[in-house]
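**Student:** Enclosed is the structure file work_13.json (JSON, C-alpha atoms and all ligand atoms).
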```json
[["chain", "number", "residue", "atom", "x", "y", "z"],
["A", 1, "MET", "CA", 24.18, -0.74, -12.25],
["A", 2, "ALA", "CA", 21.91, -1.59, -9.38],
["A", 3, "LYS", "CA", 20.25, -4.98, -9.47],
["A", 4, "LYS", "CA", 16.76, -4.73, -10.89],
["A", 5, "MET", "CA", 14.05, -4.96, -8.29],
["A", 6, "LYS", "CA", 11.33, -7.54, -8.44],
["A", 7, "ILE", "CA", 7.98, -7.74, -6.71],
["A", 8, "VAL", "CA", 7.85, -10.49, -4.12],
["A", 9, "THR", "CA", 4.61, -12.48, -4.38],
["A", 10, "ILE", "CA", 2.81, -15.03, -2.20],
["A", 11, "PRO", "CA", 3.63, -17.56, -0.85],
["A", 12, "ASP", "CA", 7.10, -16.04, -0.27],
["A", 13, "PRO", "CA", 7.51, -16.04, 3.54],
["A", 14, "ILE", "CA", 9.27, -12.67, 3.47],
["A", 15, "LEU", "CA", 5.84, -11.05, 3.06],
["A", 16, "ARG", "CA", 4.91, -12.40, 6.50],
["A", 17, "GLN", "CA", 7.87, -10.78, 8.20],
["A", 18, "ALA", "CA", 7.51, -7.69, 10.39],
["A", 19, "SER", "CA", 9.65, -4.87, 9.00],
["A", 20, "LYS", "CA", 12.25, -2.94, 10.97],
["A", 21, "PRO", "CA", 12.39, 0.85, 11.38],
["A", 22, "VAL", "CA", 14.54, 2.78, 8.92],
["A", 23, "GLY", "CA", 17.67, 4.09, 10.62],
["A", 24, "ASN", "CA", 19.56, 6.72, 8.64],
["A", 25, "ILE", "CA", 17.73, 8.02, 5.61],
["A", 26, "ASP", "CA", 20.89, 7.73, 3.53],
["A", 27, "LYS", "CA", 21.74, 7.43, -0.15],
["A", 28, "LYS", "CA", 20.89, 3.72, -0.13],
["A", 29, "ILE", "CA", 17.36, 4.42, 1.11],
["A", 30, "LYS", "CA", 16.89, 7.18, -1.45],
["A", 31, "GLN", "CA", 18.06, 4.89, -4.25],
["A", 32, "MET", "CA", 15.71, 2.17, -3.04],
["A", 33, "VAL", "CA", 12.78, 4.60, -3.14],
["A", 34, "ASP", "CA", 13.76, 5.69, -6.67],
["A", 35, "SER", "CA", 13.82, 2.08, -7.82],
["A", 36, "MET", "CA", 10.46, 1.43, -6.13],
["A", 37, "LEU", "CA", 8.95, 4.42, -7.94],
["A", 38, "ASP", "CA", 10.40, 3.18, -11.24],
["A", 39, "LEU", "CA", 9.02, -0.25, -10.56],
["A", 40, "ILE", "CA", 5.38, 0.75, -10.18],
["A", 41, "GLY", "CA", 5.67, 3.38, -12.85],
["A", 42, "ASN", "CA", 6.49, 6.96, -12.04],
["A", 43, "GLY", "CA", 4.12, 8.34, -14.63],
["A", 44, "PRO", "CA", 0.50, 9.06, -15.40],
["A", 45, "ASP", "CA", -2.30, 7.07, -13.81],
["A", 46, "GLU", "CA", -2.83, 4.63, -16.68],
["A", 47, "THR", "CA", 0.78, 3.47, -16.80],
["A", 48, "ARG", "CA", 1.04, 2.81, -13.09],
["A", 49, "THR", "CA", 0.68, -0.77, -11.94],
["A", 50, "GLY", "CA", -0.27, -0.01, -8.35],
["A", 51, "ALA", "CA", -1.36, 2.78, -6.03],
["A", 52, "GLY", "CA", 1.22, 1.88, -3.44],
["A", 53, "LEU", "CA", 4.24, -0.26, -2.68],
["A", 54, "SER", "CA", 5.92, -1.28, 0.55],
["A", 55, "ALA", "CA", 9.64, -1.98, 0.86],
["A", 56, "ILE", "CA", 8.90, -5.55, 1.98],
["A", 57, "GLN", "CA", 7.29, -6.14, -1.43],
["A", 58, "VAL", "CA", 10.69, -5.68, -3.04],
["A", 59, "GLY", "CA", 12.29, -7.87, -0.39],
["A", 60, "LYS", "CA", 13.48, -5.12, 1.96],
["A", 61, "PRO", "CA", 12.03, -5.52, 5.46],
["A", 62, "LEU", "CA", 12.01, -1.80, 6.26],
["A", 63, "ARG", "CA", 9.16, 0.35, 7.60],
["A", 64, "LEU", "CA", 8.79, 2.39, 4.45],
["A", 65, "PHE", "CA", 6.18, 2.60, 1.73],
["A", 66, "ILE", "CA", 5.13, 4.84, -1.11],
["A", 67, "VAL", "CA", 1.59, 5.80, -2.07],
["A", 68, "TYR", "CA", 0.44, 7.67, -5.15],
["A", 69, "SER", "CA", -2.24, 10.27, -4.55],
["A", 70, "PRO", "CA", -5.17, 10.24, -7.00],
["A", 71, "GLU", "CA", -3.46, 13.25, -8.61],
["A", 72, "GLY", "CA", -0.43, 11.05, -9.29],
["A", 73, "ASN", "CA", 1.98, 12.45, -6.72],
["A", 74, "PRO", "CA", 4.08, 9.89, -4.91],
["A", 75, "ILE", "CA", 4.30, 10.31, -1.14],
["A", 76, "VAL", "CA", 7.02, 8.48, 0.77],
["A", 77, "PHE", "CA", 6.14, 7.34, 4.29],
["A", 78, "ILE", "CA", 9.09, 6.39, 6.49],
["A", 79, "ASN", "CA", 8.65, 4.82, 9.94],
["A", 80, "PRO", "CA", 4.93, 5.62, 9.82],
["A", 81, "GLN", "CA", 2.60, 5.31, 12.75],
["A", 82, "ILE", "CA", -1.16, 5.47, 12.40],
["A", 83, "THR", "CA", -2.26, 7.38, 15.47],
["A", 84, "LYS", "CA", -6.00, 7.57, 14.81],
["A", 85, "ARG", "CA", -8.61, 5.63, 12.85],
["A", 86, "SER", "CA", -12.18, 6.79, 12.34],
["A", 87, "LYS", "CA", -15.03, 4.63, 13.61],
["A", 88, "THR", "CA", -16.78, 5.13, 10.29],
["A", 89, "CYS", "CA", -15.70, 2.60, 7.69],
["A", 90, "VAL", "CA", -15.89, 2.46, 3.92],
["A", 91, "SER", "CA", -16.57, -0.69, 1.92],
["A", 92, "GLY", "CA", -14.32, -0.93, -1.10],
["A", 93, "VAL", "CA", -11.65, 1.58, -2.06],
["A", 94, "PRO", "CA", -13.37, 4.90, -2.77],
["A", 95, "HIS", "CA", -12.29, 6.75, -5.88],
["A", 96, "GLY", "CA", -14.64, 9.58, -6.74],
["A", 97, "LYS", "CA", -18.15, 8.16, -6.52],
["A", 98, "GLN", "CA", -16.98, 4.62, -7.27],
["A", 99, "ARG", "CA", -15.94, 1.85, -4.91],
["A", 100, "TYR", "CA", -13.13, -0.37, -6.10],
["A", 101, "TYR", "CA", -11.89, -3.82, -5.27],
["A", 102, "GLU", "CA", -8.74, -3.91, -3.20],
["A", 103, "GLY", "CA", -5.82, -5.80, -4.67],
["A", 104, "CYS", "CA", -2.10, -6.20, -4.14],
["A", 105, "LEU", "CA", 0.90, -6.54, -6.46],
["A", 106, "SER", "CA", 2.12, -9.33, -4.16],
["A", 107, "VAL", "CA", -1.17, -11.24, -4.52],
["A", 108, "PRO", "CA", -1.60, -11.07, -8.29],
["A", 109, "GLY", "CA", -5.00, -11.79, -9.78],
["A", 110, "PHE", "CA", -7.09, -11.63, -6.60],
["A", 111, "TYR", "CA", -9.30, -8.92, -5.17],
["A", 112, "ALA", "CA", -11.75, -8.25, -2.34],
["A", 113, "ILE", "CA", -14.12, -5.60, -1.13],
["A", 114, "LEU", "CA", -12.84, -4.77, 2.34],
["A", 115, "LYS", "CA", -14.09, -2.54, 5.09],
["A", 116, "ARG", "CA", -11.54, -0.05, 6.32],
["A", 117, "PRO", "CA", -11.75, 3.04, 8.52],
["A", 118, "LYS", "CA", -12.70, 5.98, 6.34],
["A", 119, "ALA", "CA", -10.15, 8.36, 7.82],
["A", 120, "ILE", "CA", -6.82, 8.10, 9.58],
["A", 121, "LYS", "CA", -4.18, 10.24, 11.14],
["A", 122, "ILE", "CA", -0.60, 9.22, 10.43],
["A", 123, "HIS", "CA", 2.75, 10.31, 11.73],
["A", 124, "TYR", "CA", 5.78, 9.70, 9.48],
["A", 125, "LEU", "CA", 9.10, 10.96, 8.16],
["A", 126, "ASP", "CA", 9.73, 12.04, 4.59],
["A", 127, "LEU", "CA", 12.92, 11.41, 2.59],
["A", 128, "ASP", "CA", 14.54, 14.52, 4.10],
["A", 129, "GLY", "CA", 13.82, 13.28, 7.60],
["A", 130, "ASN", "CA", 11.14, 15.89, 8.24],
["A", 131, "VAL", "CA", 8.36, 14.84, 10.61],
["A", 132, "HIS", "CA", 4.79, 14.97, 9.30],
["A", 133, "GLU", "CA", 1.43, 14.38, 10.86],
["A", 134, "GLU", "CA", -1.38, 14.28, 8.34],
["A", 135, "LYS", "CA", -5.00, 13.27, 8.06],
["A", 136, "TYR", "CA", -6.12, 11.22, 5.11],
["A", 137, "SER", "CA", -9.51, 9.93, 4.11],
["A", 138, "ASP", "CA", -11.23, 7.71, 1.54],
["A", 139, "PHE", "CA", -8.89, 6.53, -1.25],
["A", 140, "MET", "CA", -5.66, 7.63, 0.43],
["A", 141, "ALA", "CA", -6.73, 6.27, 3.83],
["A", 142, "CYS", "CA", -7.47, 2.84, 2.30],
["A", 143, "VAL", "CA", -4.23, 2.62, 0.34],
["A", 144, "ILE", "CA", -2.17, 3.80, 3.32],
["A", 145, "GLN", "CA", -3.81, 1.22, 5.61],
["A", 146, "HIS", "CA", -3.13, -1.52, 3.07],
["A", 147, "GLU", "CA", 0.55, -0.55, 2.85],
["A", 148, "TYR", "CA", 0.81, -0.11, 6.62],
["A", 149, "ASP", "CA", -0.42, -3.69, 7.10],
["A", 150, "HIS", "CA", 2.48, -4.90, 4.93],
["A", 151, "LEU", "CA", 4.90, -3.54, 7.55],
["A", 152, "ASP", "CA", 3.54, -6.08, 10.00],
["A", 153, "GLY", "CA", 3.34, -8.94, 7.54],
["A", 154, "ILE", "CA", -0.42, -8.59, 7.05],
["A", 155, "LEU", "CA", -1.95, -8.99, 3.59],
["A", 156, "PHE", "CA", -5.38, -7.87, 2.36],
["A", 157, "ILE", "CA", -6.40, -11.52, 2.00],
["A", 158, "ASP", "CA", -5.97, -11.85, 5.80],
["A", 159, "ARG", "CA", -8.30, -8.89, 6.32],
["A", 160, "ALA", "CA", -10.76, -10.46, 3.89],
["A", 161, "LYS", "CA", -10.77, -13.66, 5.97],
["A", 162, "GLU", "CA", -11.26, -11.68, 9.21],
["A", 163, "GLN", "CA", -14.21, -9.88, 7.67],
["A", 164, "ASN", "CA", -15.63, -12.93, 5.90],
["A", 165, "ALA", "CA", -15.27, -11.00, 2.68],
["A", 166, "GLN", "CA", -15.11, -12.97, -0.55],
["A", 167, "ILE", "CA", -11.74, -13.17, -2.30],
["A", 168, "ILE", "CA", -12.47, -13.01, -5.97],
["A", 169, "SER", "CA", -10.31, -13.73, -9.01],
["A", 170, "GLU", "CA", -9.74, -11.37, -11.89],
["A", 171, "GLN", "CA", -11.61, -13.77, -14.20],
["A", 172, "GLU", "CA", -14.70, -13.68, -11.98],
["A", 173, "ILE", "CA", -14.66, -9.90, -11.98],
["A", 174, "ASP", "CA", -14.38, -9.90, -15.78],
["A", 175, "ARG", "CA", -17.34, -12.26, -15.99],
["A", 176, "GLN", "CA", -19.43, -10.06, -13.69],
["A", 177, "THR", "CA", -18.73, -6.88, -15.57],
["A", 178, "LYS", "CA", -19.51, -8.37, -19.00],
["A", 201, "ZN", "ZN", -0.12, -4.85, -1.07]]
```
Would you mind giving the structure from this file in structure tokens?
Ligand code: ZN
**Tutor:**
Amino acid sequence: MAKKMKIVTIPDPILRQASKPVGNIDKKIKQMVDSMLDLIGNGPDETRTGAGLSAIQVGKPLRLFIVYSPEGNPIVFINPQITKRSKTCVSGVPHGKQRYYEGCLSVPGFYAILKRPKAIKIHYLDLDGNVHEEKYSDFMACVIQHEYDHLDGILFIDRAKEQNAQIISEQEIDRQTK
């Protein structure tokens, strides 16, 4: 039995590490991705605990992350490179007509409304080693940029500080929405 994965949370210094490119996409990598999918819940929207997860968040400093599309399909990004970012930004994570707070499984209980480029172009490998270049916008673009930051040891709370955006606790959000 493989050792059960756990989410690494702040202030663990591993989260600040820059991750290394994935070499061979071998059985070990595929098993790691399976465990990551199990960890955040490979099921319907309501049972999932996050929209994305980077390998560094389970203690593996590799340039790999997974993102669930709003339709609930997991997409695996290996050795990704964002090659273009739109000048237009969105404030808050767009999902339909709503804008959501950005949060992170590694920073439990805290959220912020961040500005991020609305659209990106990203180059990456899938689990079979096939090369992809895709454009993403809105929800997917935000989640991908959040995960991409993890590869360089950057957390959303750093972006919040850069942007002078308020970091807000879950309790405060609950109070506001009551
Ligand atoms: Zn995160």
**Student:** Mind listing as a ChimeraX atom specification all residues within 12 Å of (-2.6, -1.9, 5.5), counting all atoms listed in the file?
**Tutor:** /A:52-54,65,67,80-82,102-104,114-117,120,140-160
**Student:** With distances taken over only C-alpha atoms and all ligand atoms, which of A:Lys135, A:Arg16, A:Lys84, A:His123 is nearest to ligand ZN 201 (chain A)?
**Tutor:**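 Of the candidates, the smallest distance to ligand ZN 201 (chain A) is held by A:Arg16.
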**Student:** With only C-alpha atoms as the counted atoms, please give the residues lying no more than 10 Å from A:Leu39, apart from itself and same-chain residues fewer than 6 positions off, as a VMD selection string.
**Tutor:** chain A and resid 4 to 7 33 48 to 50 53 58
**Student:** Name the residues in contact with A:Asn24 at a cut-off of 12 Å, using only C-alpha atoms, excluding same-chain residues fewer than 4 positions from it; report them as an MDAnalysis selection string.
**Tutor:** chainID A and resid 28:30 62 78:79 125:129
**Student:** Do you have the atom CA of A:Gln98-atom CA of A:Thr177 distance handy?
**Tutor:**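 Taking atom CA of A:Gln98 as the start and atom CA of A:Thr177 as the end point, the length is 14.3 Å.
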**Student:** Can you measure atom CA of A:Ile56 to atom CA of A:Gly41 for me? One decimal in Å is fine.
**Tutor:**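 Those two atoms sit 17.6 Å apart.
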**Student:** What is the distance, in Å and to one decimal place, between atom CA of A:Pro13 and atom CA of A:Pro108?
**Tutor:**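 Calculated distance between atom CA of A:Pro13 and atom CA of A:Pro108 is 15.7 Å.
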**Student:** Rank A:Glu172, A:Asn164, A:Asn73, A:Val8 by their smallest atom-to-atom distance to A:Pro61, using only C-alpha atoms, and report the top residue only.
**Tutor:**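 Checking each candidate against A:Pro61, we get A:Val8 as the closest.
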**Student:** Looking at A:Val93, A:Ala119, A:Val107, A:Met32, which one is nearest to A:Ile168, with distances taken over all atoms listed in the file?
**Tutor:**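 Going through A:Val93, A:Ala119, A:Val107, A:Met32 one by one, the smallest distance to A:Ile168 is for A:Val107.
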**Student:** Could you check which of A:Ser106, A:Ser35, A:Ser19, A:Thr9 is closest to ligand ZN 201 (chain A), using only C-alpha atoms and all ligand atoms?
**Tutor:**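 Distance minimum relative to ligand ZN 201 (chain A) lands on A:Ser106.
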**Student:** Determine the nearest neighbour of A:Glu71 from the options A:Lys161, A:Arg175, A:His95, A:Lys87, counting all atoms listed in the file.
**Tutor:**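 Nearest to A:Glu71: A:His95.
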**Student:** Between A:Lys118, A:Lys178, A:Lys27, A:His132, which is the closest to A:Gly92 once you count only C-alpha atoms?
**Tutor:** A:Lys118
